[in-house]
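A.B. asks: Contents of data.csv (CSV, C-alpha atoms and all ligand atoms) are given next:
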chain,number,residue,atom,x,y,z
M,20,MET,CA,47.8,43.2,21.3
M,21,SER,CA,48.9,41.5,18.1
M,22,ILE,CA,46.8,41.9,14.9
M,23,ILE,CA,46.9,39.6,11.9
M,24,TYR,CA,45.8,41.0,8.6
M,25,ARG,CA,44.5,38.6,5.9
M,26,THR,CA,42.0,37.9,3.2
M,27,ILE,CA,38.5,36.6,4.0
M,28,THR,CA,37.6,32.9,3.7
M,29,ALA,CA,34.2,31.2,3.8
M,30,ASP,CA,34.7,30.6,7.5
M,31,ASP,CA,34.8,34.3,8.2
M,32,ILE,CA,31.4,35.3,6.6
M,33,ASP,CA,29.3,35.3,9.8
M,34,GLU,CA,31.7,37.5,11.7
M,35,ALA,CA,32.4,39.8,8.8
M,36,SER,CA,28.7,40.3,8.3
M,37,GLU,CA,28.2,41.0,12.0
M,38,LEU,CA,30.9,43.7,12.0
M,39,GLU,CA,29.2,45.2,8.9
M,40,GLN,CA,25.8,45.3,10.6
M,41,SER,CA,27.1,46.9,13.7
M,42,SER,CA,29.2,49.6,11.8
M,43,PHE,CA,26.9,51.1,9.1
M,44,ALA,CA,23.5,52.6,8.6
M,45,ASP,CA,23.1,50.8,5.2
M,46,PRO,CA,25.1,47.6,5.7
M,47,TRP,CA,25.8,45.0,3.1
M,48,PRO,CA,23.6,41.9,3.3
M,49,ARG,CA,25.2,38.6,4.3
M,50,SER,CA,24.9,37.5,0.7
M,51,ALA,CA,27.4,40.1,-0.4
M,52,PHE,CA,30.1,38.5,1.8
M,53,GLU,CA,29.3,35.1,0.4
M,54,GLU,CA,29.8,36.5,-3.1
M,55,ILE,CA,33.0,38.3,-2.4
M,56,VAL,CA,34.8,35.2,-1.3
M,57,ASP,CA,34.8,33.9,-4.9
M,58,LYS,CA,35.0,37.3,-6.8
M,59,ARG,CA,38.0,37.8,-9.0
M,60,ASP,CA,37.8,41.6,-9.2
M,61,ALA,CA,37.3,42.2,-5.4
M,62,ASP,CA,38.5,41.0,-2.0
M,63,TYR,CA,37.5,41.6,1.6
M,64,TYR,CA,40.4,42.0,3.9
M,65,LEU,CA,40.2,41.6,7.7
M,66,ALA,CA,42.0,42.3,10.9
M,67,GLU,CA,42.0,39.5,13.5
M,68,ASP,CA,43.1,39.7,17.2
M,69,GLU,CA,45.7,37.0,17.3
M,70,GLU,CA,45.1,36.1,21.0
M,71,THR,CA,41.3,35.7,20.8
M,72,GLY,CA,40.9,34.9,17.1
M,73,ARG,CA,38.2,37.5,17.0
M,74,LEU,CA,37.6,39.4,13.7
M,75,VAL,CA,38.0,43.1,14.7
M,76,GLY,CA,38.2,45.0,11.4
M,77,GLY,CA,37.5,44.7,7.7
M,78,CYS,CA,37.5,46.5,4.4
M,79,VAL,CA,36.8,45.8,0.7
M,80,VAL,CA,38.8,46.6,-2.4
M,81,PHE,CA,37.1,46.5,-5.8
M,82,ARG,CA,39.5,46.5,-8.8
M,83,ILE,CA,38.8,48.1,-12.1
M,84,ILE,CA,41.8,47.9,-14.5
M,85,ASP,CA,44.6,49.5,-12.5
M,86,GLU,CA,42.4,51.3,-9.9
M,87,GLY,CA,41.2,50.1,-6.5
M,88,ASP,CA,38.0,51.3,-4.9
M,89,ILE,CA,38.2,50.9,-1.1
M,90,MET,CA,34.8,50.5,0.7
M,91,ASN,CA,33.2,49.2,3.9
M,92,VAL,CA,36.1,50.1,6.2
M,93,ALA,CA,35.1,49.2,9.8
M,94,VAL,CA,36.8,48.4,13.1
M,95,ASN,CA,34.9,47.0,16.1
M,96,ARG,CA,34.2,49.8,18.7
M,97,ASP,CA,36.2,48.1,21.4
M,98,TYR,CA,39.3,48.1,19.2
M,99,ARG,CA,39.2,51.6,17.7
M,100,GLY,CA,42.0,54.2,18.1
M,101,ARG,CA,44.8,51.6,18.0
M,102,GLY,CA,45.9,52.0,14.4
M,103,ILE,CA,44.0,48.9,13.1
M,104,ALA,CA,42.1,50.6,10.3
M,105,THR,CA,45.4,52.3,9.2
M,106,GLY,CA,47.2,48.9,9.2
M,107,LEU,CA,44.4,47.2,7.4
M,108,ILE,CA,44.2,49.7,4.6
M,109,ARG,CA,47.9,49.7,4.1
M,110,TYR,CA,47.9,45.8,4.0
M,111,ALA,CA,45.0,45.8,1.5
M,112,MET,CA,46.7,48.3,-0.7
M,113,GLU,CA,50.0,46.3,-0.7
M,114,ARG,CA,48.1,43.1,-1.7
M,115,ASN,CA,46.4,45.0,-4.6
M,116,GLU,CA,49.6,46.7,-5.7
M,117,GLU,CA,51.0,43.2,-6.1
M,118,MET,CA,48.1,42.6,-8.5
M,119,GLY,CA,48.9,45.7,-10.6
M,120,ILE,CA,46.7,48.3,-9.0
M,121,ARG,CA,48.3,51.7,-9.1
M,122,ASP,CA,45.8,54.2,-7.7
M,123,PHE,CA,43.2,54.0,-5.0
M,124,THR,CA,40.0,55.9,-4.4
M,125,LEU,CA,37.2,56.0,-1.8
M,126,GLU,CA,34.3,58.1,-0.5
M,127,VAL,CA,33.7,59.1,3.1
M,128,ARG,CA,31.0,61.1,4.9
M,129,VAL,CA,32.3,64.7,5.2
M,130,SER,CA,31.6,64.6,9.0
M,131,ASN,CA,33.5,61.3,9.6
M,132,ALA,CA,36.7,62.9,11.0
M,133,PRO,CA,38.3,59.6,12.3
M,134,ALA,CA,37.9,57.9,8.9
M,135,ILE,CA,39.3,61.0,7.1
M,136,ARG,CA,42.2,61.0,9.4
M,137,VAL,CA,42.9,57.3,8.7
M,138,TYR,CA,42.8,57.9,4.9
M,139,GLU,CA,45.1,60.9,5.2
M,140,LYS,CA,47.6,58.7,7.2
M,141,CYS,CA,47.4,56.2,4.3
M,142,GLY,CA,48.3,58.8,1.7
M,143,PHE,CA,44.9,59.8,0.4
M,144,GLU,CA,44.0,63.4,-0.5
M,145,SER,CA,40.7,65.1,-1.0
M,146,ALA,CA,39.6,65.4,-4.6
M,147,GLY,CA,36.0,66.8,-4.4
M,148,ILE,CA,32.5,66.6,-2.9
M,149,ARG,CA,29.6,64.4,-4.1
M,150,PRO,CA,26.5,66.3,-2.8
M,151,GLY,CA,24.0,64.1,-1.0
M,152,PHE,CA,26.0,60.9,-1.7
M,153,TYR,CA,24.9,59.2,1.5
M,154,ASP,CA,21.5,58.4,3.0
M,155,HIS,CA,20.4,57.7,6.6
M,156,PRO,CA,21.2,60.5,7.3
M,157,LYS,CA,21.6,62.4,4.0
M,158,GLU,CA,25.1,63.8,3.8
M,159,ASP,CA,27.7,64.9,1.3
M,160,GLY,CA,30.5,62.5,0.4
M,161,LEU,CA,34.1,63.5,0.3
M,162,VAL,CA,36.0,61.8,-2.6
M,163,MET,CA,39.6,60.9,-1.9
M,164,TRP,CA,42.4,59.6,-4.1
M,165,ARG,CA,45.9,58.1,-3.5
M,166,TYR,CA,47.9,58.3,-6.8
M,167,LYS,CA,50.9,56.1,-7.1
M,168,GLU,CA,52.9,58.8,-8.8
M,169,ASP,CA,52.4,61.1,-5.8
M,170,ILE,CA,53.9,58.7,-3.3
M,171,GLU,CA,56.9,57.5,-5.4
M,201,LIG,C1,36.8,54.9,10.9
M,201,LIG,C2,37.3,53.7,11.6
M,201,LIG,C3,37.4,52.5,10.6
M,201,LIG,C4,38.7,54.0,12.2
M,201,LIG,O1,39.2,52.8,12.7
M,201,LIG,P1,40.5,52.9,13.8
M,201,LIG,O2,41.1,51.5,13.9
M,201,LIG,O3,40.0,53.5,15.1
M,201,LIG,O4,41.5,53.9,13.1
M,201,LIG,P2,43.0,54.2,13.5
M,201,LIG,O5,43.2,53.8,14.9
M,201,LIG,O6,43.9,53.5,12.4
M,201,LIG,O7,43.1,55.8,13.3
M,201,LIG,C5,42.1,56.6,13.8
M,201,LIG,C6,42.6,58.0,13.8
M,201,LIG,O8,41.5,59.0,13.9
M,201,LIG,C7,41.8,59.9,14.9
M,201,LIG,N1,40.6,60.3,15.5
M,201,LIG,C8,39.7,59.7,16.3
M,201,LIG,N2,38.7,60.4,16.6
M,201,LIG,C9,38.8,61.6,15.9
M,201,LIG,C10,38.0,62.7,15.7
M,201,LIG,N3,36.9,62.9,16.3
M,201,LIG,N4,38.5,63.7,14.9
M,201,LIG,C11,39.7,63.6,14.3
M,201,LIG,N5,40.5,62.5,14.4
M,201,LIG,C12,40.0,61.5,15.2
M,201,LIG,C13,42.7,59.1,15.9
M,201,LIG,O9,43.4,59.9,16.8
M,201,LIG,C14,43.6,58.4,14.9
M,201,LIG,O10,44.6,59.2,14.3
M,201,LIG,P3,46.1,59.3,14.9
M,201,LIG,O11,46.7,57.9,14.7
M,201,LIG,O12,46.8,60.4,14.1
M,201,LIG,O13,46.0,59.6,16.4
M,201,LIG,C15,36.4,53.3,12.8
M,201,LIG,O14,36.2,54.5,13.6
M,201,LIG,C16,35.0,52.8,12.4
M,201,LIG,O15,34.9,51.6,12.2
M,201,LIG,N6,34.0,53.7,12.3
M,201,LIG,C17,32.6,53.2,11.9
M,201,LIG,C18,32.6,52.8,10.4
M,201,LIG,C19,33.1,54.0,9.5
M,201,LIG,O16,32.8,55.1,9.7
M,201,LIG,N7,33.9,53.6,8.5
M,201,LIG,C20,34.5,54.5,7.5
M,201,LIG,C21,33.5,54.5,6.3
M,201,LIG,S1,34.2,55.6,5.0
Before anything else, please render the file you have as structure tokens.
C.D. replies:
Amino acid sequence: MSIIYRTITADDIDEASELEQSSFADPWPRSAFEEIVDKRDADYYLAEDEETGRLVGGCVVFRIIDEGDIMNVAVNRDYRGRGIATGLIRYAMERNEEMGIRDFTLEVRVSNAPAIRVYEKCGFESAGIRPGFYDHPKEDGLVMWRYKEDIE
């Protein structure tokens, strides 16, 4: 299986929104995907199955000065466990490093072992707990950071 990583275009909005709805308890509305296509301080990156053209993964990076906040990381259930999230986050971080972003942060449910494993593979380390950060169900958030100086 060959995966292409790229930035979202207006043609991808329907599929990206469907992936979001099927992946999260509190998904972004479709309008958020419409807005992000034109945003200058954020991008949505996606993973596409080259053979079928199907959108199989996605994530967002919001940029604030030289920091990137990674959100909404999701991979279609049928495609999990094949390194797609890891490849996608690495791709997204490379694109943002080219734009001057040095450090990256994210939050993840403390029980989400597969996601935490992905972030550790990408160089993130735990930095603290945000009590009750998540709803549906209520759960603590683990804050993770990847500092450029730690990986140089
Ligand atoms: C989290 C998610 C994006 C991972 O996508 P993925 O493409 O399967 O991730 P990868 O294949 O790159 O890596 C998954 C890793 O987790 C590991 N893993 C899977 N289940 C695990 C578990 N229960 N406990 C610990 N590690 C686990 C895999 O073995 C793999 O690590 P390895 O390469 O060392 O073997 C995907 O499961 C998903 O979309 N989940 C629902 C949405 C979500 O929770 N997003 C994260 C929000 S912060």
A.B. asks: Please write out the residues within 10 Å of ligand LIG 201 (chain M) as a ChimeraX atom specification, counting only C-alpha atoms and all ligand atoms.
C.D. replies: /M:38-39,41-44,66,75-78,89-109,125-141,160-162
A.B. asks: How would you write as number ranges by chain the residues that get within 10 Å of (30.2, 31.2, 2.3) in the file's frame, counting only C-alpha atoms?
C.D. replies: M: 28-33, 49-57
A.B. asks: Give me, as a list in words, all polymer residues having an atom no more than 9 Å from Asp154 (chain M), counting only C-alpha atoms and skipping those fewer than 3 positions away in the same chain.
C.D. replies: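 My reading of the contact set: Ala44, Asp45, Gly151, Lys157 and Glu158 of chain M.
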A.B. asks: Could you give me, as a PyMOL selection string, the residues that sit within 10 Å of (40.7, 65.8, -4.7) in the file's coordinates, counting all atoms listed in the file?
C.D. replies: chain M and resi 124+143-148+161-165
A.B. asks: Please report the interatomic distance between CA of Val80 (chain M) and CA of Met118 (chain M) in Å with one decimal.
C.D. replies: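 Going from CA of Val80 (chain M) over to CA of Met118 (chain M), I get 11.8 Å.
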A.B. asks: Which residues are near Glu86 (chain M)? Cut-off 10 Å, all atoms listed in the file, ignore same chain within fewer than 4 positions. Put them as an MDAnalysis selection string.
C.D. replies: chainID M and resid 80:82 115:116 119:124 165:166
A.B. asks: For Arg114 (chain M), which residue out of M:Asp159, M:Asp85, M:Asp62, M:Glu70 is the nearest one, using only C-alpha atoms?
C.D. replies: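 The answer is M:Asp62, which sits nearest to Arg114 (chain M).
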A.B. asks: Please determine, counting all atoms listed in the file, which residue among M:Arg73, M:Pro150, M:Pro156, M:Glu117 has the shortest atom-to-atom distance to Glu37 (chain M).
C.D. replies: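 Comparing M:Arg73, M:Pro150, M:Pro156, M:Glu117 against Glu37 (chain M), the winner is M:Arg73.
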A.B. asks: When you draw a straight line from CA of Arg149 (chain M) to CA of Pro46 (chain M), how long is it in Å?
C.D. replies: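 Value for the CA of Arg149 (chain M)-CA of Pro46 (chain M) distance: 20.0 Å.
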A.B. asks: Rounded to one decimal, what separation in Å do you get between CA of Gly142 (chain M) and CA of Leu65 (chain M)?
C.D. replies: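 Pair CA of Gly142 (chain M) / CA of Leu65 (chain M) returns 19.9 Å.
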A.B. asks: Within 9 Å of Glu69 (chain M), counting all atoms listed in the file, which residues show up once you throw out same-chain ones fewer than 5 positions away? Write them as a PyMOL selection string, please.
C.D. replies: chain M and resi 20-23
A.B. asks: Could you add whatever atoms are missing so that region 61-95 of chain M carries N, CA and C atoms, then write the result as a compact mmCIF listing (two decimals), in the coordinates of the input?
C.D. replies:
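Saved result, rebuild.txt, follows:
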# COMPACT_ATOMS: atom_id res chain seq x y z
N ALA M 61 37.46 41.59 -6.72
CA ALA M 61 37.30 42.20 -5.40
C ALA M 61 37.76 41.27 -4.32
N ASP M 62 38.21 41.85 -3.21
CA ASP M 62 38.50 41.00 -2.00
C ASP M 62 38.12 41.78 -0.78
N TYR M 63 37.77 41.01 0.26
CA TYR M 63 37.50 41.60 1.60
C TYR M 63 38.70 41.21 2.46
N TYR M 64 39.28 42.22 3.08
CA TYR M 64 40.40 42.00 3.90
C TYR M 64 40.00 42.19 5.39
N LEU M 65 40.60 41.44 6.28
CA LEU M 65 40.20 41.60 7.70
C LEU M 65 41.34 41.62 8.63
N ALA M 66 41.05 42.18 9.80
CA ALA M 66 42.00 42.30 10.90
C ALA M 66 41.51 41.32 11.99
N GLU M 67 42.41 40.47 12.49
CA GLU M 67 42.00 39.50 13.50
C GLU M 67 42.92 39.65 14.72
N ASP M 68 42.31 39.65 15.90
CA ASP M 68 43.10 39.70 17.20
C ASP M 68 43.71 38.30 17.33
N GLU M 69 45.05 38.27 17.31
CA GLU M 69 45.70 37.00 17.30
C GLU M 69 45.46 36.17 18.57
N GLU M 70 45.30 36.86 19.72
CA GLU M 70 45.10 36.10 21.00
C GLU M 70 43.73 35.46 21.04
N THR M 71 42.68 36.17 20.61
CA THR M 71 41.30 35.70 20.80
C THR M 71 40.78 35.04 19.47
N GLY M 72 41.41 35.33 18.34
CA GLY M 72 40.90 34.90 17.10
C GLY M 72 39.71 35.65 16.58
N ARG M 73 39.39 36.73 17.31
CA ARG M 73 38.20 37.50 17.00
C ARG M 73 38.46 38.42 15.76
N LEU M 74 37.48 38.50 14.87
CA LEU M 74 37.60 39.40 13.70
C LEU M 74 37.23 40.82 14.21
N VAL M 75 38.18 41.76 14.11
CA VAL M 75 38.00 43.10 14.70
C VAL M 75 37.94 44.21 13.68
N GLY M 76 38.25 43.92 12.41
CA GLY M 76 38.20 45.00 11.40
C GLY M 76 38.08 44.38 10.02
N GLY M 77 37.58 45.20 9.07
CA GLY M 77 37.50 44.70 7.70
C GLY M 77 37.36 45.84 6.71
N CYS M 78 37.67 45.54 5.46
CA CYS M 78 37.50 46.50 4.40
C CYS M 78 37.46 45.73 3.04
N VAL M 79 36.87 46.36 2.02
CA VAL M 79 36.80 45.80 0.70
C VAL M 79 37.61 46.57 -0.29
N VAL M 80 38.22 45.89 -1.26
CA VAL M 80 38.80 46.60 -2.40
C VAL M 80 38.22 45.99 -3.68
N PHE M 81 37.58 46.86 -4.49
CA PHE M 81 37.10 46.50 -5.80
C PHE M 81 38.16 46.96 -6.83
N ARG M 82 38.51 46.11 -7.78
CA ARG M 82 39.50 46.50 -8.80
C ARG M 82 38.89 46.70 -10.15
N ILE M 83 39.26 47.85 -10.77
CA ILE M 83 38.80 48.10 -12.10
C ILE M 83 40.08 48.54 -12.90
N ILE M 84 40.55 47.68 -13.80
CA ILE M 84 41.80 47.90 -14.50
C ILE M 84 42.93 48.09 -13.53
N ASP M 85 43.50 49.33 -13.43
CA ASP M 85 44.60 49.50 -12.50
C ASP M 85 44.19 50.43 -11.31
N GLU M 86 42.86 50.52 -11.06
CA GLU M 86 42.40 51.30 -9.90
C GLU M 86 41.70 50.47 -8.89
N GLY M 87 41.89 50.83 -7.63
CA GLY M 87 41.20 50.10 -6.50
C GLY M 87 40.27 51.04 -5.82
N ASP M 88 39.04 50.56 -5.58
CA ASP M 88 38.00 51.30 -4.90
C ASP M 88 37.85 50.71 -3.48
N ILE M 89 38.21 51.45 -2.44
CA ILE M 89 38.20 50.90 -1.10
C ILE M 89 36.81 51.26 -0.46
N MET M 90 36.15 50.26 0.14
CA MET M 90 34.80 50.50 0.70
C MET M 90 34.68 49.68 2.02
N ASN M 91 33.61 50.00 2.76
CA ASN M 91 33.20 49.20 3.90
C ASN M 91 34.32 49.07 4.97
N VAL M 92 35.07 50.15 5.19
CA VAL M 92 36.10 50.10 6.20
C VAL M 92 35.47 50.16 7.59
N ALA M 93 35.73 49.18 8.43
CA ALA M 93 35.10 49.20 9.80
C ALA M 93 36.03 48.50 10.77
N VAL M 94 36.05 49.04 11.98
CA VAL M 94 36.80 48.40 13.10
C VAL M 94 35.79 48.34 14.27
N ASN M 95 35.79 47.20 14.94
CA ASN M 95 34.90 47.00 16.10
C ASN M 95 35.17 48.12 17.15
